[in-house]
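*Asks:* To be precise about what I am sending: the file is called coords-v7.txt and holds compact mmCIF, C-alpha atoms.
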```txt
# COMPACT_ATOMS: atom_id res chain seq x y z
CA MET Z 1 24.56 18.60 -11.44
CA ALA Z 2 23.93 22.29 -10.91
CA ASP Z 3 20.23 21.62 -10.34
CA THR Z 4 21.05 18.98 -7.73
CA ALA Z 5 23.41 21.36 -5.99
CA THR Z 6 20.81 24.12 -5.96
CA THR Z 7 18.15 21.80 -4.60
CA ALA Z 8 20.48 20.39 -1.97
CA SER Z 9 21.53 23.88 -0.90
CA ALA Z 10 17.91 24.93 -0.60
CA ALA Z 11 17.15 21.92 1.56
CA ALA Z 12 20.14 22.60 3.77
CA ALA Z 13 19.18 26.24 4.14
CA SER Z 14 15.67 25.19 5.12
CA ALA Z 15 16.92 22.73 7.72
CA ALA Z 16 19.22 25.35 9.18
CA ASN Z 17 16.49 27.97 9.27
CA THR Z 18 15.57 28.90 12.82
CA SER Z 19 14.11 32.34 12.10
CA THR Z 20 10.55 32.74 13.32
CA ASP Z 21 9.60 35.23 10.59
CA ALA Z 22 10.61 33.00 7.66
CA PRO Z 23 7.80 31.36 5.66
CA PRO Z 24 7.44 27.56 5.33
CA PHE Z 25 10.10 26.06 3.06
CA GLN Z 26 9.21 25.75 -0.64
CA LEU Z 27 11.66 24.06 -2.99
CA GLY Z 28 13.04 26.50 -5.57
CA LYS Z 29 11.25 29.51 -4.04
CA PRO Z 30 12.92 32.50 -2.34
CA ARG Z 31 12.98 32.44 1.42
CA PHE Z 32 11.68 36.00 1.63
CA GLN Z 33 8.91 37.73 -0.32
CA GLN Z 34 10.30 39.48 -3.41
CA THR Z 35 7.37 41.88 -3.79
CA SER Z 36 8.68 44.23 -1.09
CA PHE Z 37 11.97 46.07 -0.70
CA TYR Z 38 12.49 44.54 2.75
CA GLY Z 39 11.99 41.02 1.39
CA ARG Z 40 14.45 41.61 -1.44
CA PHE Z 41 16.90 43.17 1.01
CA ARG Z 42 16.76 40.07 3.27
CA HIS Z 43 17.11 37.82 0.21
CA PHE Z 44 20.25 39.49 -1.04
CA LEU Z 45 21.76 39.61 2.42
CA ASP Z 46 21.69 35.81 2.18
CA ILE Z 47 23.12 35.84 -1.35
CA ILE Z 48 26.13 38.02 -0.41
CA ASP Z 49 26.78 36.22 2.90
CA PRO Z 50 30.62 35.75 2.90
CA ARG Z 51 30.27 32.51 4.84
CA THR Z 52 29.15 30.81 1.62
CA LEU Z 53 32.71 31.30 0.31
CA PHE Z 54 33.82 28.49 2.61
CA VAL Z 55 31.25 26.01 1.30
CA THR Z 56 33.18 23.81 -1.12
CA GLU Z 57 31.25 20.52 -0.87
CA LEU Z 58 27.50 19.90 -0.96
CA TRP Z 59 27.37 16.38 0.44
CA SER Z 60 25.96 17.61 3.75
CA ALA Z 61 23.28 19.58 1.94
CA GLN Z 62 22.41 16.60 -0.23
CA LYS Z 63 22.21 14.37 2.86
CA ILE Z 64 19.63 16.71 4.38
CA LYS Z 65 17.66 16.84 1.13
CA GLN Z 66 17.56 13.07 0.73
CA ALA Z 67 16.56 12.53 4.36
CA ILE Z 68 13.75 15.09 4.37
CA LEU Z 69 12.28 15.46 0.85
CA HIS Z 70 10.39 12.82 -1.12
CA PRO Z 71 12.32 12.08 -4.35
CA ASP Z 72 9.18 12.09 -6.54
CA THR Z 73 7.26 15.05 -5.13
CA ASN Z 74 10.08 17.11 -3.54
CA GLU Z 75 7.69 17.64 -0.65
CA LYS Z 76 8.84 17.47 2.97
CA ILE Z 77 7.99 14.14 4.65
CA PHE Z 78 6.32 14.41 8.07
CA MET Z 79 9.02 13.84 10.72
CA PRO Z 80 7.81 10.54 12.34
CA PHE Z 81 7.43 8.93 8.90
CA ARG Z 82 10.89 9.72 7.53
CA MET Z 83 13.44 6.91 7.49
CA SER Z 84 15.53 9.06 9.83
CA GLY Z 85 12.58 9.00 12.24
CA TYR Z 86 11.95 5.26 12.00
CA ILE Z 87 14.31 4.31 14.84
CA PRO Z 88 13.49 7.03 17.42
CA PHE Z 89 9.74 6.73 16.87
CA GLY Z 90 9.72 2.95 16.31
CA THR Z 91 11.90 1.79 19.21
CA PRO Z 92 9.29 2.46 21.95
CA ILE Z 93 6.82 0.40 19.90
CA VAL Z 94 9.31 -2.48 19.59
CA VAL Z 95 9.86 -2.41 23.36
CA GLY Z 96 6.10 -2.66 23.81
CA LEU Z 97 5.85 -5.58 21.38
CA LEU Z 98 8.50 -7.50 23.34
CA LEU Z 99 7.09 -6.93 26.82
CA PRO Z 100 6.64 -10.29 28.61
CA ASN Z 101 3.27 -11.67 29.77
CA GLN Z 102 1.24 -9.84 27.14
CA THR Z 103 -2.53 -9.80 27.57
CA LEU Z 104 -4.91 -9.94 24.63
CA ALA Z 105 -5.57 -6.21 24.98
CA SER Z 106 -1.87 -5.29 25.10
CA THR Z 107 -1.10 -7.54 22.11
CA VAL Z 108 -3.84 -5.86 20.08
CA PHE Z 109 -2.70 -2.37 21.15
CA TRP Z 110 1.00 -2.79 20.31
CA GLN Z 111 0.30 -4.54 17.01
CA TRP Z 112 -2.16 -1.80 16.07
CA LEU Z 113 0.33 0.93 16.98
CA ASN Z 114 3.19 -0.80 15.14
CA GLN Z 115 1.24 -1.37 11.93
CA SER Z 116 -0.23 2.14 12.08
CA HIS Z 117 3.30 3.56 12.18
CA ASN Z 118 4.44 1.16 9.44
CA ALA Z 119 1.47 2.05 7.25
CA CYS Z 120 2.26 5.74 7.46
CA VAL Z 121 5.98 5.13 6.79
CA ASN Z 122 5.15 2.92 3.79
CA TYR Z 123 2.74 5.50 2.39
CA ALA Z 124 5.05 8.48 3.00
CA ASN Z 125 7.99 6.72 1.28
CA ARG Z 126 6.05 5.08 -1.57
CA ASN Z 127 6.59 5.70 -5.26
CA ALA Z 128 4.53 8.88 -5.66
CA THR Z 129 4.67 9.32 -9.44
CA LYS Z 130 0.91 8.65 -9.56
CA PRO Z 131 -1.74 10.38 -7.41
CA SER Z 132 -3.27 8.24 -4.68
CA PRO Z 133 -6.70 9.13 -3.22
CA ALA Z 134 -7.25 9.18 0.54
CA SER Z 135 -9.78 6.34 0.23
CA LYS Z 136 -6.99 4.01 -0.97
CA PHE Z 137 -4.89 4.92 2.06
CA ILE Z 138 -7.79 4.23 4.44
CA GLN Z 139 -8.58 0.86 2.82
CA GLY Z 140 -4.94 -0.17 2.90
CA TYR Z 141 -4.51 0.99 6.48
CA LEU Z 142 -7.51 -0.96 7.74
CA GLY Z 143 -6.46 -4.08 5.88
CA ALA Z 144 -2.88 -3.86 7.17
CA VAL Z 145 -3.89 -3.33 10.80
CA ILE Z 146 -6.57 -6.06 10.77
CA SER Z 147 -4.15 -8.58 9.24
CA ALA Z 148 -1.42 -7.74 11.78
CA VAL Z 149 -3.66 -7.98 14.81
CA SER Z 150 -5.28 -11.20 13.54
CA ILE Z 151 -1.92 -12.91 12.95
CA ALA Z 152 -0.47 -11.83 16.31
CA VAL Z 153 -3.54 -12.74 18.34
CA GLY Z 154 -3.87 -16.08 16.52
CA LEU Z 155 -0.27 -17.04 17.25
CA ASN Z 156 -0.60 -16.04 20.90
CA VAL Z 157 -3.74 -18.15 21.28
CA LEU Z 158 -1.95 -21.15 19.76
CA VAL Z 159 0.93 -20.75 22.19
CA GLN Z 160 -1.44 -20.47 25.15
CA LYS Z 161 -3.19 -23.70 24.10
CA ALA Z 162 0.08 -25.60 23.70
CA ASN Z 163 -0.21 -27.73 26.86
CA LYS Z 164 3.13 -29.44 26.24
CA PHE Z 165 5.03 -26.25 27.01
CA THR Z 166 6.26 -25.56 30.51
CA PRO Z 167 5.50 -22.04 31.81
CA ALA Z 168 9.14 -21.02 31.22
CA THR Z 169 9.13 -22.40 27.66
CA ARG Z 170 5.78 -20.79 26.93
CA LEU Z 171 7.12 -17.42 28.09
CA LEU Z 172 10.19 -17.82 25.87
CA VAL Z 173 8.09 -18.80 22.84
CA GLN Z 174 5.75 -15.88 23.43
CA ARG Z 175 8.72 -13.54 23.21
CA PHE Z 176 9.38 -14.74 19.66
CA VAL Z 177 5.72 -14.57 18.54
CA PRO Z 178 6.02 -10.89 17.48
CA PHE Z 179 8.53 -11.74 14.72
CA PRO Z 180 6.37 -14.03 12.51
CA ALA Z 181 3.37 -11.85 13.29
CA VAL Z 182 5.13 -8.60 12.35
CA ALA Z 183 6.97 -10.07 9.34
CA SER Z 184 3.74 -11.48 7.86
CA ALA Z 185 1.80 -8.32 8.62
CA ASN Z 186 4.57 -6.15 7.15
CA ILE Z 187 4.13 -7.86 3.78
CA CYS Z 188 0.38 -7.27 3.92
CA ASN Z 189 1.02 -3.69 5.00
CA VAL Z 190 3.33 -2.87 2.07
CA VAL Z 191 1.04 -4.49 -0.51
CA LEU Z 192 -2.15 -2.94 0.82
CA MET Z 193 -0.71 0.54 1.40
CA ARG Z 194 0.83 0.63 -2.10
CA TYR Z 195 -1.72 -1.42 -4.01
CA GLY Z 196 -2.51 1.58 -6.19
CA GLU Z 197 0.94 1.21 -7.78
CA LEU Z 198 -0.01 -2.27 -8.98
CA GLU Z 199 -3.22 -0.92 -10.50
CA GLU Z 200 -1.81 2.24 -12.07
CA GLY Z 201 1.83 1.31 -12.64
CA ILE Z 202 4.84 3.49 -11.80
CA ASP Z 203 6.96 5.77 -13.96
CA VAL Z 204 10.13 4.33 -15.48
CA LEU Z 205 12.95 6.59 -16.72
CA ASP Z 206 15.79 6.17 -19.18
CA GLY Z 207 19.43 6.90 -18.40
CA ASP Z 208 18.95 10.62 -19.05
CA GLY Z 209 16.01 10.85 -16.65
CA ASN Z 210 13.40 11.07 -19.41
CA LEU Z 211 10.01 9.49 -18.75
CA VAL Z 212 9.56 6.34 -20.86
CA GLY Z 213 6.17 5.19 -19.61
CA SER Z 214 4.16 3.75 -16.74
CA SER Z 215 4.79 0.09 -15.91
CA LYS Z 216 2.76 -2.32 -13.77
CA ILE Z 217 5.58 -4.86 -14.05
CA ALA Z 218 8.04 -2.39 -12.54
CA ALA Z 219 5.48 -1.74 -9.79
CA ARG Z 220 5.41 -5.45 -8.97
CA HIS Z 221 9.20 -5.49 -8.76
CA ALA Z 222 9.15 -2.39 -6.51
CA LEU Z 223 6.62 -3.91 -4.11
CA LEU Z 224 8.39 -7.27 -4.01
CA GLU Z 225 11.73 -5.64 -3.18
CA THR Z 226 10.16 -3.43 -0.52
CA ALA Z 227 8.25 -6.37 1.00
CA LEU Z 228 11.49 -8.36 1.28
CA THR Z 229 13.12 -5.51 3.20
CA ARG Z 230 10.14 -5.52 5.58
CA VAL Z 231 10.70 -9.23 6.28
CA VAL Z 232 14.42 -8.76 6.94
CA LEU Z 233 13.91 -5.61 9.04
CA PRO Z 234 12.20 -7.21 12.07
CA MET Z 235 14.61 -10.17 12.22
CA PRO Z 236 17.33 -8.52 14.34
CA ILE Z 237 14.82 -6.25 16.07
CA LEU Z 238 12.45 -8.96 17.32
CA VAL Z 239 14.79 -11.97 17.53
CA LEU Z 240 18.02 -10.60 19.04
CA PRO Z 241 16.50 -8.69 22.03
CA PRO Z 242 14.63 -11.75 23.42
CA ILE Z 243 17.84 -13.82 23.21
CA VAL Z 244 19.95 -11.09 24.80
CA MET Z 245 17.38 -10.30 27.50
CA SER Z 246 16.94 -13.98 28.42
CA MET Z 247 20.66 -14.04 29.23
CA LEU Z 248 20.80 -10.62 30.93
CA GLU Z 249 17.84 -11.40 33.17
CA LYS Z 250 19.92 -14.15 34.80
CA THR Z 251 22.66 -11.74 35.83
CA ALA Z 252 22.96 -10.76 39.47
CA LEU Z 253 22.59 -7.06 38.61
CA LEU Z 254 19.15 -7.37 37.01
CA GLN Z 255 17.93 -9.97 39.48
CA ALA Z 256 18.79 -7.61 42.31
CA ARG Z 257 17.38 -4.55 40.47
CA PRO Z 258 14.32 -5.62 38.45
CA ARG Z 259 13.45 -1.98 37.79
CA LEU Z 260 16.39 -1.86 35.37
CA LEU Z 261 14.81 -4.51 33.12
CA LEU Z 262 12.77 -2.05 31.05
CA PRO Z 263 15.58 0.51 30.53
CA VAL Z 264 18.03 -2.27 29.60
CA GLN Z 265 15.54 -3.84 27.20
CA SER Z 266 14.96 -0.42 25.63
CA LEU Z 267 18.70 0.01 25.03
CA VAL Z 268 18.98 -3.48 23.56
CA CYS Z 269 16.02 -2.80 21.23
CA LEU Z 270 17.50 0.55 20.21
CA ALA Z 271 20.83 -1.08 19.32
CA ALA Z 272 19.10 -3.86 17.37
CA PHE Z 273 16.91 -1.34 15.50
CA GLY Z 274 19.93 0.79 14.65
CA LEU Z 275 21.62 -2.27 13.15
CA ALA Z 276 18.59 -3.70 11.37
CA LEU Z 277 17.23 -0.63 9.57
CA PRO Z 278 20.27 0.27 7.42
CA LEU Z 279 20.89 -3.43 6.69
CA ALA Z 280 17.32 -3.99 5.50
CA ILE Z 281 16.85 -0.90 3.36
CA SER Z 282 20.30 -1.38 1.80
CA LEU Z 283 19.28 -4.71 0.21
CA PHE Z 284 18.05 -2.96 -2.95
CA PRO Z 285 18.81 0.48 -4.42
CA GLN Z 286 16.04 3.03 -4.07
CA MET Z 287 16.36 3.85 -7.77
CA SER Z 288 16.22 0.28 -9.07
CA GLU Z 289 17.17 -0.77 -12.57
CA ILE Z 290 15.31 -3.22 -14.79
CA GLU Z 291 15.86 -4.38 -18.37
CA THR Z 292 13.31 -2.95 -20.81
CA SER Z 293 12.86 -6.43 -22.33
CA GLN Z 294 11.20 -7.51 -19.06
CA LEU Z 295 8.62 -4.72 -19.21
CA GLU Z 296 5.47 -4.17 -21.26
CA PRO Z 297 6.02 -4.23 -25.05
CA GLU Z 298 4.89 -0.62 -25.46
CA ILE Z 299 7.57 0.52 -22.99
CA ALA Z 300 10.30 -1.59 -24.59
CA GLN Z 301 9.42 -0.03 -27.97
CA ALA Z 302 9.37 3.52 -26.57
CA THR Z 303 13.09 3.67 -25.78
CA SER Z 304 16.41 2.53 -27.16
CA SER Z 305 17.83 2.13 -23.64
CA ARG Z 306 18.60 -1.44 -22.63
CA THR Z 307 17.58 -0.66 -19.04
CA VAL Z 308 15.32 1.82 -17.27
CA VAL Z 309 15.10 2.92 -13.64
CA TYR Z 310 12.22 3.42 -11.23
CA ASN Z 311 11.81 4.65 -7.67
CA LYS Z 312 11.36 1.51 -5.55
CA GLY Z 313 10.37 3.51 -2.53
CA LEU Z 314 11.67 2.77 0.98
```
When written as structure tokens, how does the structure in this file appear?
*Replies:*
Amino acid sequence: MADTATTASAAAASAANTSTDAPPFQLGKPRFQQTSFYGRFRHFLDIIDPRTLFVTELWSAQKIKQAILHPDTNEKIFMPFRMSGYIPFGTPIVVGLLLPNQTLASTVFWQWLNQSHNACVNYANRNATKPSPASKFIQGYLGAVISAVSIAVGLNVLVQKANKFTPATRLLVQRFVPFPAVASANICNVVLMRYGELEEGIDVLDGDGNLVGSSKIAARHALLETALTRVVLPMPILVLPPIVMSMLEKTALLQARPRLLLPVQSLVCLAAFGLALPLAISLFPQMSEIETSQLEPEIAQATSSRTVVYNKGL
């Protein structure tokens, strides 16, 4: 508990740091150099700061830590790839995916951009108990993007060739094409970006946090749970906005002011994204639990615990 509090406090102090002369944040390291008198002086000014007397709870500090630092490496996650950055950086992409009258080039561009962002988010929030070479990331990235673009373009071509559709129906159907395309590609993206976990296994821990072993079965469970969240995630994001916009476009306000269509659609997408993300990633706990009897025999024999936990990733 004390270690968690210390770590959380360090993360909070880092987030609050606005001083230009402070070094980059390092978990567990002093903010100022301790080899000089001036550095030690600055350090102890922080230690004796009377404002710390009024800090009685560390939930805010822990919130910052969990939002910024990777739970396996304790390294800071690059801002656009944090879960807290998923909505602000992802919403413009969603708006682009849902633009009407997409051309082949625009479909390819938005699917590429979406899966590129997803690939980086998946990689940044993976289980990082095992090292992963850059070559694996590149292979997974290329596979994820190619699969996404292929699915989206294929579905759009099928819709265009559906002669039974009226132009209005075709436009409506095209608005829903991004969902099956993105949902299918998201599964490919998760599996390809984290395939190394299936090959190497992931660490499983007992109730006291002691390492029990490395399990490929736990890795399969982690990827399955994460893939399911990536199917649920685009449902509200890519299904609700087309329904809402099809109704709003008929209102007198938007018919009289077509320039408001894009801002209104952006707000609708933002609201849908804000609803969908916490719902999807809440389906399974990040530190998932599994019975040792379901894992490899050598792991089951290595502990007396009935269950072990592993970092599912986000």
*Asks:* Box for region 173-192 of chain Z - axis-aligned, 6 Å on each of the six sides, all listed atoms - centre and size in Å to one decimal, as lines of an AutoDock Vina configuration file.
*Replies:*
```
center_x = 3.6
center_y = -10.8
center_z = 11.5
size_x = 23.5
size_y = 27.9
size_z = 35.9
```
*Asks:* Between region 217-271 of chain Z and region 303-314 of chain Z, at 10 Å or less, what are the per-residue closest atom pairs and their distances in Å? Count only C-alpha atoms, order by chain and rising residue number, and return it as CSV.
*Replies:*
```
residue,atom,partner,partner_atom,distance
Z:Ala218,CA,Z:Tyr310,CA,7.3
Z:Ala219,CA,Z:Lys312,CA,7.9
Z:Arg220,CA,Z:Lys312,CA,9.8
Z:His221,CA,Z:Lys312,CA,8.0
Z:Ala222,CA,Z:Lys312,CA,4.6
Z:Leu223,CA,Z:Lys312,CA,7.3
Z:Leu224,CA,Z:Lys312,CA,9.4
Z:Glu225,CA,Z:Lys312,CA,7.5
Z:Thr226,CA,Z:Leu314,CA,6.6
Z:Ala227,CA,Z:Leu314,CA,9.8
Z:Thr229,CA,Z:Leu314,CA,8.7
Z:Arg230,CA,Z:Leu314,CA,9.6
```
*Asks:* When distances are computed from all atoms listed in the file, which of Z:Ala271, Z:Leu198, Z:Thr103, Z:Ala148 shows the smallest separation from Ser184 (chain Z)?
*Replies:*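 So, comparing all the options, the nearest one is Z:Ala148.
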*Asks:* So, with all atoms listed in the file as the atoms that count, which of Z:Ile48, Z:Asp72, Z:Pro258, Z:Val145 lies closest to Val204 (chain Z)?
*Replies:* Z:Asp72
*Asks:* With all atoms listed in the file as the counted atoms, please give the residues lying no more than 9 Å from region 87-94 of chain Z, apart from itself and same-chain residues fewer than 3 positions off, as a ChimeraX atom specification.
*Replies:* /Z:80-81,83-84,97-99,110-111,113-114,117-118,237-238,266,269-270,273-274,277
*Asks:* Counting only C-alpha atoms, figure out which residue out of Z:Asn125, Z:Asn189, Z:Thr52, Z:Asn210 gets nearest to Gln139 (chain Z).
*Replies:* Z:Asn189
